[in-house]
$ cat model.pdb   # PDB, N, CA and C atoms
ATOM      1  N   MET A   1      73.944  57.880 -34.222
ATOM      2  CA  MET A   1      75.119  57.369 -33.547
ATOM      3  C   MET A   1      75.201  55.860 -33.781
ATOM      4  N   LYS A   2      76.390  55.375 -34.122
ATOM      5  CA  LYS A   2      76.608  53.948 -34.310
ATOM      6  C   LYS A   2      76.721  53.274 -32.953
ATOM      7  N   LEU A   3      76.133  52.090 -32.826
ATOM      8  CA  LEU A   3      76.200  51.364 -31.571
ATOM      9  C   LEU A   3      77.629  51.042 -31.177
ATOM     10  N   SER A   4      78.516  50.854 -32.157
ATOM     11  CA  SER A   4      79.897  50.512 -31.841
ATOM     12  C   SER A   4      80.646  51.672 -31.191
ATOM     13  N   ASN A   5      80.065  52.868 -31.226
ATOM     14  CA  ASN A   5      80.702  54.030 -30.603
ATOM     15  C   ASN A   5      80.327  54.193 -29.133
ATOM     16  N   ILE A   6      79.425  53.367 -28.628
ATOM     17  CA  ILE A   6      78.993  53.475 -27.242
ATOM     18  C   ILE A   6      80.081  52.909 -26.338
ATOM     19  N   LYS A   7      80.472  53.673 -25.341
ATOM     20  CA  LYS A   7      81.459  53.232 -24.351
ATOM     21  C   LYS A   7      80.841  53.353 -22.968
ATOM     22  N   LEU A   8      81.266  52.505 -22.054
ATOM     23  CA  LEU A   8      80.814  52.576 -20.674
ATOM     24  C   LEU A   8      81.940  53.116 -19.817
ATOM     25  N   ASN A   9      81.586  53.846 -18.809
ATOM     26  CA  ASN A   9      82.565  54.309 -17.837
ATOM     27  C   ASN A   9      82.885  53.140 -16.909
ATOM     28  N   SER A  10      84.155  52.713 -16.902
ATOM     29  CA  SER A  10      84.544  51.574 -16.062
ATOM     30  C   SER A  10      84.251  51.832 -14.591
ATOM     31  N   ASN A  11      84.272  53.102 -14.174
ATOM     32  CA  ASN A  11      83.980  53.448 -12.785
ATOM     33  C   ASN A  11      82.525  53.188 -12.427
ATOM     34  N   ALA A  12      81.646  53.116 -13.428
ATOM     35  CA  ALA A  12      80.237  52.837 -13.161
ATOM     36  C   ALA A  12      80.068  51.434 -12.584
ATOM     37  N   ILE A  13      80.969  50.538 -12.918
ATOM     38  CA  ILE A  13      80.917  49.181 -12.381
ATOM     39  C   ILE A  13      81.660  49.118 -11.063
ATOM     40  N   GLY A  14      82.818  49.746 -10.989
ATOM     41  CA  GLY A  14      83.605  49.776  -9.765
ATOM     42  C   GLY A  14      84.297  48.458  -9.481
ATOM     43  N   GLU A  15      84.713  48.282  -8.241
ATOM     44  CA  GLU A  15      85.376  47.045  -7.830
ATOM     45  C   GLU A  15      84.350  45.938  -7.690
ATOM     46  N   ALA A  16      84.811  44.715  -7.898
ATOM     47  CA  ALA A  16      83.932  43.558  -7.785
ATOM     48  C   ALA A  16      84.735  42.384  -7.232
ATOM     49  N   ILE A  17      84.015  41.365  -6.807
ATOM     50  CA  ILE A  17      84.612  40.124  -6.324
ATOM     51  C   ILE A  17      84.523  39.100  -7.451
ATOM     52  N   TYR A  18      85.638  38.459  -7.742
ATOM     53  CA  TYR A  18      85.701  37.457  -8.797
ATOM     54  C   TYR A  18      85.190  36.121  -8.260
ATOM     55  N   LEU A  19      84.169  35.565  -8.909
ATOM     56  CA  LEU A  19      83.584  34.306  -8.465
ATOM     57  C   LEU A  19      83.993  33.122  -9.329
ATOM     58  N   GLY A  20      84.552  33.378 -10.501
ATOM     59  CA  GLY A  20      85.029  32.288 -11.353
ATOM     60  C   GLY A  20      84.584  32.440 -12.792
ATOM     61  N   GLN A  21      84.977  31.450 -13.598
ATOM     62  CA  GLN A  21      84.537  31.415 -14.981
ATOM     63  C   GLN A  21      83.201  30.714 -15.040
ATOM     64  N   GLU A  22      82.377  31.123 -15.973
ATOM     65  CA  GLU A  22      81.001  30.640 -16.004
ATOM     66  C   GLU A  22      80.615  30.229 -17.419
ATOM     67  N   GLY A  23      80.284  28.979 -17.595
ATOM     68  CA  GLY A  23      79.701  28.512 -18.845
ATOM     69  C   GLY A  23      80.590  28.651 -20.065
ATOM     70  N   GLN A  24      79.966  28.438 -21.193
ATOM     71  CA  GLN A  24      80.648  28.512 -22.482
ATOM     72  C   GLN A  24      80.758  29.967 -22.928
ATOM     73  N   PRO A  25      81.953  30.434 -23.268
ATOM     74  CA  PRO A  25      82.091  31.824 -23.716
ATOM     75  C   PRO A  25      81.583  31.994 -25.147
ATOM     76  N   PRO A  26      81.289  33.216 -25.538
ATOM     77  CA  PRO A  26      80.870  33.446 -26.922
ATOM     78  C   PRO A  26      82.041  33.273 -27.874
ATOM     79  N   ARG A  27      81.735  32.926 -29.119
ATOM     80  CA  ARG A  27      82.766  32.853 -30.161
ATOM     81  C   ARG A  27      82.916  34.204 -30.841
ATOM     82  N   GLN A  28      81.904  35.044 -30.666
ATOM     83  CA  GLN A  28      81.880  36.335 -31.353
ATOM     84  C   GLN A  28      81.243  37.357 -30.429
ATOM     85  N   VAL A  29      81.871  38.519 -30.289
ATOM     86  CA  VAL A  29      81.342  39.590 -29.452
ATOM     87  C   VAL A  29      81.393  40.887 -30.244
ATOM     88  N   ASN A  30      80.277  41.581 -30.276
ATOM     89  CA  ASN A  30      80.181  42.863 -30.977
ATOM     90  C   ASN A  30      80.706  42.764 -32.402
ATOM     91  N   GLY A  31      80.406  41.625 -33.047
ATOM     92  CA  GLY A  31      80.774  41.430 -34.439
ATOM     93  C   GLY A  31      82.188  40.941 -34.674
ATOM     94  N   LEU A  32      82.962  40.716 -33.614
ATOM     95  CA  LEU A  32      84.355  40.288 -33.760
ATOM     96  C   LEU A  32      84.536  38.868 -33.250
ATOM     97  N   ARG A  33      85.024  37.986 -34.115
ATOM     98  CA  ARG A  33      85.359  36.621 -33.699
ATOM     99  C   ARG A  33      86.644  36.650 -32.889
ATOM    100  N   GLY A  34      86.742  35.761 -31.909
ATOM    101  CA  GLY A  34      87.951  35.707 -31.101
ATOM    102  C   GLY A  34      87.844  34.645 -30.035
ATOM    103  N   SER A  35      88.829  34.644 -29.155
ATOM    104  CA  SER A  35      88.851  33.734 -28.008
ATOM    105  C   SER A  35      88.501  34.547 -26.774
ATOM    106  N   TYR A  36      87.386  34.223 -26.150
ATOM    107  CA  TYR A  36      86.859  34.989 -25.031
ATOM    108  C   TYR A  36      86.643  34.105 -23.810
ATOM    109  N   ILE A  37      86.530  34.740 -22.661
ATOM    110  CA  ILE A  37      86.187  34.072 -21.409
ATOM    111  C   ILE A  37      84.992  34.809 -20.802
ATOM    112  N   ARG A  38      84.071  34.055 -20.217
ATOM    113  CA  ARG A  38      82.939  34.661 -19.511
ATOM    114  C   ARG A  38      83.180  34.474 -18.015
ATOM    115  N   HIS A  39      83.322  35.584 -17.299
ATOM    116  CA  HIS A  39      83.590  35.585 -15.867
ATOM    117  C   HIS A  39      82.318  35.944 -15.109
ATOM    118  N   LEU A  40      82.162  35.395 -13.926
ATOM    119  CA  LEU A  40      81.061  35.761 -13.041
ATOM    120  C   LEU A  40      81.634  36.623 -11.924
ATOM    121  N   LEU A  41      81.087  37.824 -11.774
ATOM    122  CA  LEU A  41      81.526  38.763 -10.748
ATOM    123  C   LEU A  41      80.340  39.182  -9.897
ATOM    124  N   MET A  42      80.624  39.806  -8.763
ATOM    125  CA  MET A  42      79.580  40.294  -7.872
ATOM    126  C   MET A  42      80.076  41.552  -7.174
ATOM    127  N   ASN A  43      79.189  42.523  -7.025
ATOM    128  CA  ASN A  43      79.463  43.657  -6.136
ATOM    129  C   ASN A  43      78.147  44.156  -5.555
ATOM    130  N   GLU A  44      78.248  45.062  -4.592
ATOM    131  CA  GLU A  44      77.050  45.560  -3.904
ATOM    132  C   GLU A  44      76.129  46.328  -4.832
ATOM    133  N   ARG A  45      76.697  47.069  -5.750
ATOM    134  CA  ARG A  45      75.911  47.943  -6.625
ATOM    135  C   ARG A  45      75.117  47.163  -7.665
ATOM    136  N   HIS A  46      75.708  46.098  -8.227
ATOM    137  CA  HIS A  46      75.091  45.410  -9.362
ATOM    138  C   HIS A  46      74.694  43.966  -9.087
ATOM    139  N   GLY A  47      75.019  43.432  -7.925
ATOM    140  CA  GLY A  47      74.728  42.024  -7.657
ATOM    141  C   GLY A  47      75.618  41.136  -8.507
ATOM    142  N   LEU A  48      75.070  40.010  -8.977
ATOM    143  CA  LEU A  48      75.818  39.116  -9.856
ATOM    144  C   LEU A  48      75.738  39.602 -11.290
ATOM    145  N   PHE A  49      76.868  39.546 -12.002
ATOM    146  CA  PHE A  49      76.862  39.922 -13.412
ATOM    147  C   PHE A  49      78.019  39.239 -14.123
ATOM    148  N   TYR A  50      77.921  39.203 -15.447
ATOM    149  CA  TYR A  50      78.939  38.584 -16.283
ATOM    150  C   TYR A  50      79.826  39.641 -16.913
ATOM    151  N   VAL A  51      81.088  39.274 -17.083
ATOM    152  CA  VAL A  51      82.031  40.100 -17.831
ATOM    153  C   VAL A  51      82.696  39.191 -18.856
ATOM    154  N   ILE A  52      82.658  39.599 -20.097
ATOM    155  CA  ILE A  52      83.335  38.883 -21.168
ATOM    156  C   ILE A  52      84.643  39.619 -21.439
ATOM    157  N   THR A  53      85.748  38.875 -21.477
ATOM    158  CA  THR A  53      87.047  39.457 -21.806
ATOM    159  C   THR A  53      87.730  38.569 -22.833
ATOM    160  N   PRO A  54      88.728  39.130 -23.526
ATOM    161  CA  PRO A  54      89.595  38.241 -24.295
ATOM    162  C   PRO A  54      90.275  37.278 -23.317
ATOM    163  N   VAL A  55      90.773  36.165 -23.806
ATOM    164  CA  VAL A  55      91.455  35.188 -22.957
ATOM    165  C   VAL A  55      92.566  35.888 -22.185
ATOM    166  N   LEU A  56      92.647  35.610 -20.883
ATOM    167  CA  LEU A  56      93.613  36.259 -19.998
ATOM    168  C   LEU A  56      94.916  35.477 -19.924
ATOM    169  N   ASP A  57      95.994  36.193 -19.646
ATOM    170  CA  ASP A  57      97.255  35.548 -19.297
ATOM    171  C   ASP A  57      97.210  35.307 -17.800
ATOM    172  N   GLY A  58      97.343  34.084 -17.362
ATOM    173  CA  GLY A  58      97.331  33.789 -15.940
ATOM    174  C   GLY A  58      95.957  33.405 -15.435
ATOM    175  N   VAL A  59      95.910  33.175 -14.128
ATOM    176  CA  VAL A  59      94.698  32.712 -13.453
ATOM    177  C   VAL A  59      94.265  33.759 -12.442
ATOM    178  N   VAL A  60      92.965  33.983 -12.341
ATOM    179  CA  VAL A  60      92.411  34.873 -11.322
ATOM    180  C   VAL A  60      91.849  33.988 -10.216
ATOM    181  N   GLU A  61      92.300  34.219  -9.004
ATOM    182  CA  GLU A  61      91.847  33.426  -7.864
ATOM    183  C   GLU A  61      90.412  33.783  -7.492
ATOM    184  N   GLU A  62      89.647  32.803  -7.064
ATOM    185  CA  GLU A  62      88.287  33.044  -6.587
ATOM    186  C   GLU A  62      88.337  33.983  -5.385
ATOM    187  N   ASP A  63      87.383  34.871  -5.282
ATOM    188  CA  ASP A  63      87.243  35.882  -4.231
ATOM    189  C   ASP A  63      88.239  37.038  -4.346
ATOM    190  N   ALA A  64      89.008  37.104  -5.438
ATOM    191  CA  ALA A  64      89.925  38.233  -5.647
ATOM    192  C   ALA A  64      89.120  39.484  -5.956
ATOM    193  N   LYS A  65      89.615  40.639  -5.511
ATOM    194  CA  LYS A  65      89.014  41.921  -5.890
ATOM    195  C   LYS A  65      89.544  42.291  -7.268
ATOM    196  N   VAL A  66      88.622  42.713  -8.143
ATOM    197  CA  VAL A  66      88.993  43.071  -9.506
ATOM    198  C   VAL A  66      88.317  44.369  -9.915
ATOM    199  N   ASN A  67      88.844  44.981 -10.968
ATOM    200  CA  ASN A  67      88.146  46.062 -11.660
ATOM    201  C   ASN A  67      88.365  45.876 -13.150
ATOM    202  N   LEU A  68      87.698  46.693 -13.956
ATOM    203  CA  LEU A  68      87.677  46.502 -15.401
ATOM    204  C   LEU A  68      88.221  47.722 -16.133
ATOM    205  N   ASP A  69      88.857  47.470 -17.276
ATOM    206  CA  ASP A  69      89.313  48.531 -18.181
ATOM    207  C   ASP A  69      88.676  48.325 -19.545
ATOM    208  N   GLY A  70      88.385  49.416 -20.223
ATOM    209  CA  GLY A  70      87.882  49.340 -21.593
ATOM    210  C   GLY A  70      86.521  48.701 -21.704
ATOM    211  N   CYS A  71      85.573  49.146 -20.885
ATOM    212  CA  CYS A  71      84.235  48.544 -20.877
ATOM    213  C   CYS A  71      83.410  48.997 -22.074
ATOM    214  N   GLU A  72      82.655  48.057 -22.610
ATOM    215  CA  GLU A  72      81.724  48.323 -23.705
ATOM    216  C   GLU A  72      80.451  47.539 -23.452
ATOM    217  N   PRO A  73      79.325  48.029 -23.957
ATOM    218  CA  PRO A  73      78.091  47.245 -23.833
ATOM    219  C   PRO A  73      78.198  45.987 -24.689
ATOM    220  N   MET A  74      77.381  44.995 -24.385
ATOM    221  CA  MET A  74      77.401  43.726 -25.110
ATOM    222  C   MET A  74      76.342  43.706 -26.197
ATOM    223  N   PHE A  75      76.730  43.219 -27.351
ATOM    224  CA  PHE A  75      75.803  42.944 -28.445
ATOM    225  C   PHE A  75      76.060  41.514 -28.875
ATOM    226  N   PHE A  76      75.164  40.604 -28.524
ATOM    227  CA  PHE A  76      75.373  39.184 -28.760
ATOM    228  C   PHE A  76      74.901  38.798 -30.153
ATOM    229  N   GLU A  77      75.796  38.205 -30.918
ATOM    230  CA  GLU A  77      75.419  37.689 -32.226
ATOM    231  C   GLU A  77      75.505  36.179 -32.287
ATOM    232  N   ASP A  78      76.440  35.607 -31.521
ATOM    233  CA  ASP A  78      76.708  34.191 -31.684
ATOM    234  C   ASP A  78      77.158  33.609 -30.354
ATOM    235  N   TYR A  79      76.383  32.724 -29.809
ATOM    236  CA  TYR A  79      76.754  32.080 -28.559
ATOM    237  C   TYR A  79      77.019  30.606 -28.811
ATOM    238  N   ALA A  80      78.109  30.102 -28.292
ATOM    239  CA  ALA A  80      78.495  28.709 -28.532
ATOM    240  C   ALA A  80      77.425  27.738 -28.041
ATOM    241  N   GLU A  81      76.754  28.062 -26.942
ATOM    242  CA  GLU A  81      75.730  27.172 -26.399
ATOM    243  C   GLU A  81      74.377  27.354 -27.075
ATOM    244  N   GLY A  82      74.284  28.305 -27.981
ATOM    245  CA  GLY A  82      73.020  28.545 -28.651
ATOM    246  C   GLY A  82      72.048  29.338 -27.804
ATOM    247  N   ARG A  83      72.539  29.956 -26.723
ATOM    248  CA  ARG A  83      71.665  30.789 -25.899
ATOM    249  C   ARG A  83      72.395  32.078 -25.579
ATOM    250  N   GLN A  84      71.649  33.043 -25.149
ATOM    251  CA  GLN A  84      72.234  34.343 -24.861
ATOM    252  C   GLN A  84      72.057  34.689 -23.400
ATOM    253  N   VAL A  85      72.949  35.523 -22.897
ATOM    254  CA  VAL A  85      72.846  36.052 -21.547
ATOM    255  C   VAL A  85      72.312  37.469 -21.695
ATOM    256  N   ALA A  86      71.362  37.837 -20.874
ATOM    257  CA  ALA A  86      70.744  39.159 -20.991
ATOM    258  C   ALA A  86      71.796  40.262 -20.953
ATOM    259  N   PRO A  87      71.777  41.187 -21.923
ATOM    260  CA  PRO A  87      72.780  42.251 -21.959
ATOM    261  C   PRO A  87      72.788  43.133 -20.721
ATOM    262  N   TYR A  88      71.675  43.260 -20.022
ATOM    263  CA  TYR A  88      71.647  44.143 -18.855
ATOM    264  C   TYR A  88      72.423  43.581 -17.672
ATOM    265  N   VAL A  89      72.841  42.320 -17.727
ATOM    266  CA  VAL A  89      73.696  41.771 -16.664
ATOM    267  C   VAL A  89      75.061  41.366 -17.229
ATOM    268  N   SER A  90      75.447  41.952 -18.358
ATOM    269  CA  SER A  90      76.698  41.595 -19.003
ATOM    270  C   SER A  90      77.413  42.838 -19.509
ATOM    271  N   VAL A  91      78.738  42.734 -19.526
ATOM    272  CA  VAL A  91      79.550  43.814 -20.054
ATOM    273  C   VAL A  91      80.780  43.195 -20.698
ATOM    274  N   TYR A  92      81.305  43.847 -21.717
ATOM    275  CA  TYR A  92      82.567  43.433 -22.320
ATOM    276  C   TYR A  92      83.650  44.344 -21.770
ATOM    277  N   ALA A  93      84.786  43.777 -21.401
ATOM    278  CA  ALA A  93      85.919  44.571 -20.930
ATOM    279  C   ALA A  93      87.177  44.092 -21.637
ATOM    280  N   LYS A  94      87.990  45.035 -22.055
ATOM    281  CA  LYS A  94      89.240  44.678 -22.715
ATOM    282  C   LYS A  94      90.225  44.058 -21.738
ATOM    283  N   LYS A  95      90.081  44.415 -20.454
ATOM    284  CA  LYS A  95      91.027  43.915 -19.461
ATOM    285  C   LYS A  95      90.343  43.788 -18.105
ATOM    286  N   LEU A  96      90.682  42.737 -17.377
ATOM    287  CA  LEU A  96      90.225  42.518 -16.013
ATOM    288  C   LEU A  96      91.473  42.619 -15.124
ATOM    289  N   ASN A  97      91.481  43.571 -14.210
ATOM    290  CA  ASN A  97      92.642  43.822 -13.340
ATOM    291  C   ASN A  97      92.403  43.241 -11.955
ATOM    292  N   VAL A  98      93.372  42.474 -11.461
ATOM    293  CA  VAL A  98      93.316  41.964 -10.095
ATOM    294  C   VAL A  98      93.910  43.016  -9.183
ATOM    295  N   LEU A  99      93.158  43.405  -8.137
ATOM    296  CA  LEU A  99      93.606  44.410  -7.192
ATOM    297  C   LEU A  99      94.279  43.740  -6.007
ATOM    298  N   LYS A 100      95.236  44.411  -5.418
ATOM    299  CA  LYS A 100      95.934  43.834  -4.258
ATOM    300  C   LYS A 100      95.397  44.381  -2.970
TER     301      LYS A 100
END
$ encode --input "model.pdb" --output "structure tokens"
Amino acid sequence: MKLSNIKLNSNAIGEAIYLGQEGQPPRQVNGLRGSYIRHLLMNERHGLFYVITPVLDGVVEEDAKVNLDGCEPMFFEDYAEGRQVAPYVSVYAKKLNVLK
């Protein structure tokens, strides 16, 4: 099985509280160059964790409830700061949804 075929169930993460943007985002995720944002989220099930998304349209308010669409595991190849965040506390999501 190719690693690029691995998908995560977005429900496994569930709802989370948005804490803000964190640090320098990667320039490349799972072999694809692009413009990304690294968000810091928290929930009861997983504690603090990072979510990498493509650049979002709009602003997410601190303490907003969010969920994720299109989750994939992280494979770090290139970090702008020259350091990596442990994959077990990180996930890539195609979309971050603000819940009302």
$ residues_around --input "model.pdb" --residues "Gly20 (chain A)" --least-positions-apart "3" --cutoff "8 Å" --atoms "only N, CA and C atoms" --output "list in words"
Ile17, Gly23, Arg38, His39, Leu40, Leu41, Met42, Val60, Glu61, Glu62, Asp63 and Ala64 of chain A
$ resolve_selection --input "model.pdb" --expression "the PyMOL selection byres ((chain A and resi 47-56) around 6.5)" --output "NGL selection string"
:A and (35-46 or 57-59 or 89-95)
$ atom_distance --input "model.pdb" --atom1 "CA of Gln24 (chain A)" --atom2 "CA of Cys71 (chain A)"
20.4 Å
$ axis_aligned_box --input "model.pdb" --around "region 48-54 of chain A" --padding-each-side "5 Å" --output "AutoDock Vina command-line options"
--center_x 82.7 --center_y 38.7 --center_z -16.6 --size_x 25.2 --size_y 12.8 --size_z 25.3
$ atom_distance --input "model.pdb" --atom1 "atom C of Gly14 (chain A)" --atom2 "CA of Val98 (chain A)"
11.1 Å
$ closest_residue --input "model.pdb" --among "A:Lys65, A:Glu72, A:Glu15, A:Leu32" --to "Lys100 (chain A)" --atoms "all atoms listed in the file"
A:Lys65
$ atom_distance --input "model.pdb" --atom1 "CA of Asn97 (chain A)" --atom2 "CA of Asn67 (chain A)"
5.3 Å
$ closest_residue --input "model.pdb" --among "A:Gly34, A:Pro73, A:Gln28, A:Leu99" --to "Ala16 (chain A)" --atoms "only C-alpha atoms"
A:Leu99
$ select_by_dssp --input "model.pdb" --residues "region 30-65 of chain A" --states "strand (DSSP E)" --output "PDB file with N, CA and C atoms, in the frame of the given file"
ATOM      1  N   LEU A  32      82.962  40.716 -33.614  1.00  0.00           N
ATOM      2  CA  LEU A  32      84.355  40.288 -33.760  1.00  0.00           C
ATOM      3  C   LEU A  32      84.536  38.868 -33.250  1.00  0.00           C
ATOM      4  N   ARG A  33      85.024  37.986 -34.115  1.00  0.00           N
ATOM      5  CA  ARG A  33      85.359  36.621 -33.699  1.00  0.00           C
ATOM      6  C   ARG A  33      86.644  36.650 -32.889  1.00  0.00           C
ATOM      7  N   TYR A  36      87.386  34.223 -26.150  1.00  0.00           N
ATOM      8  CA  TYR A  36      86.859  34.989 -25.031  1.00  0.00           C
ATOM      9  C   TYR A  36      86.643  34.105 -23.810  1.00  0.00           C
ATOM     10  N   ILE A  37      86.530  34.740 -22.661  1.00  0.00           N
ATOM     11  CA  ILE A  37      86.187  34.072 -21.409  1.00  0.00           C
ATOM     12  C   ILE A  37      84.992  34.809 -20.802  1.00  0.00           C
ATOM     13  N   ARG A  38      84.071  34.055 -20.217  1.00  0.00           N
ATOM     14  CA  ARG A  38      82.939  34.661 -19.511  1.00  0.00           C
ATOM     15  C   ARG A  38      83.180  34.474 -18.015  1.00  0.00           C
ATOM     16  N   HIS A  39      83.322  35.584 -17.299  1.00  0.00           N
ATOM     17  CA  HIS A  39      83.590  35.585 -15.867  1.00  0.00           C
ATOM     18  C   HIS A  39      82.318  35.944 -15.109  1.00  0.00           C
ATOM     19  N   LEU A  40      82.162  35.395 -13.926  1.00  0.00           N
ATOM     20  CA  LEU A  40      81.061  35.761 -13.041  1.00  0.00           C
ATOM     21  C   LEU A  40      81.634  36.623 -11.924  1.00  0.00           C
ATOM     22  N   LEU A  41      81.087  37.824 -11.774  1.00  0.00           N
ATOM     23  CA  LEU A  41      81.526  38.763 -10.748  1.00  0.00           C
ATOM     24  C   LEU A  41      80.340  39.182  -9.897  1.00  0.00           C
ATOM     25  N   MET A  42      80.624  39.806  -8.763  1.00  0.00           N
ATOM     26  CA  MET A  42      79.580  40.294  -7.872  1.00  0.00           C
ATOM     27  C   MET A  42      80.076  41.552  -7.174  1.00  0.00           C
ATOM     28  N   ASN A  43      79.189  42.523  -7.025  1.00  0.00           N
ATOM     29  CA  ASN A  43      79.463  43.657  -6.136  1.00  0.00           C
ATOM     30  C   ASN A  43      78.147  44.156  -5.555  1.00  0.00           C
ATOM     31  N   GLY A  47      75.019  43.432  -7.925  1.00  0.00           N
ATOM     32  CA  GLY A  47      74.728  42.024  -7.657  1.00  0.00           C
ATOM     33  C   GLY A  47      75.618  41.136  -8.507  1.00  0.00           C
ATOM     34  N   LEU A  48      75.070  40.010  -8.977  1.00  0.00           N
ATOM     35  CA  LEU A  48      75.818  39.116  -9.856  1.00  0.00           C
ATOM     36  C   LEU A  48      75.738  39.602 -11.290  1.00  0.00           C
ATOM     37  N   PHE A  49      76.868  39.546 -12.002  1.00  0.00           N
ATOM     38  CA  PHE A  49      76.862  39.922 -13.412  1.00  0.00           C
ATOM     39  C   PHE A  49      78.019  39.239 -14.123  1.00  0.00           C
ATOM     40  N   TYR A  50      77.921  39.203 -15.447  1.00  0.00           N
ATOM     41  CA  TYR A  50      78.939  38.584 -16.283  1.00  0.00           C
ATOM     42  C   TYR A  50      79.826  39.641 -16.913  1.00  0.00           C
ATOM     43  N   VAL A  51      81.088  39.274 -17.083  1.00  0.00           N
ATOM     44  CA  VAL A  51      82.031  40.100 -17.831  1.00  0.00           C
ATOM     45  C   VAL A  51      82.696  39.191 -18.856  1.00  0.00           C
ATOM     46  N   ILE A  52      82.658  39.599 -20.097  1.00  0.00           N
ATOM     47  CA  ILE A  52      83.335  38.883 -21.168  1.00  0.00           C
ATOM     48  C   ILE A  52      84.643  39.619 -21.439  1.00  0.00           C
ATOM     49  N   THR A  53      85.748  38.875 -21.477  1.00  0.00           N
ATOM     50  CA  THR A  53      87.047  39.457 -21.806  1.00  0.00           C
ATOM     51  C   THR A  53      87.730  38.569 -22.833  1.00  0.00           C
ATOM     52  N   PRO A  54      88.728  39.130 -23.526  1.00  0.00           N
ATOM     53  CA  PRO A  54      89.595  38.241 -24.295  1.00  0.00           C
ATOM     54  C   PRO A  54      90.275  37.278 -23.317  1.00  0.00           C
ATOM     55  N   LYS A  65      89.615  40.639  -5.511  1.00  0.00           N
ATOM     56  CA  LYS A  65      89.014  41.921  -5.890  1.00  0.00           C
ATOM     57  C   LYS A  65      89.544  42.291  -7.268  1.00  0.00           C
TER      58      LYS A  65
END
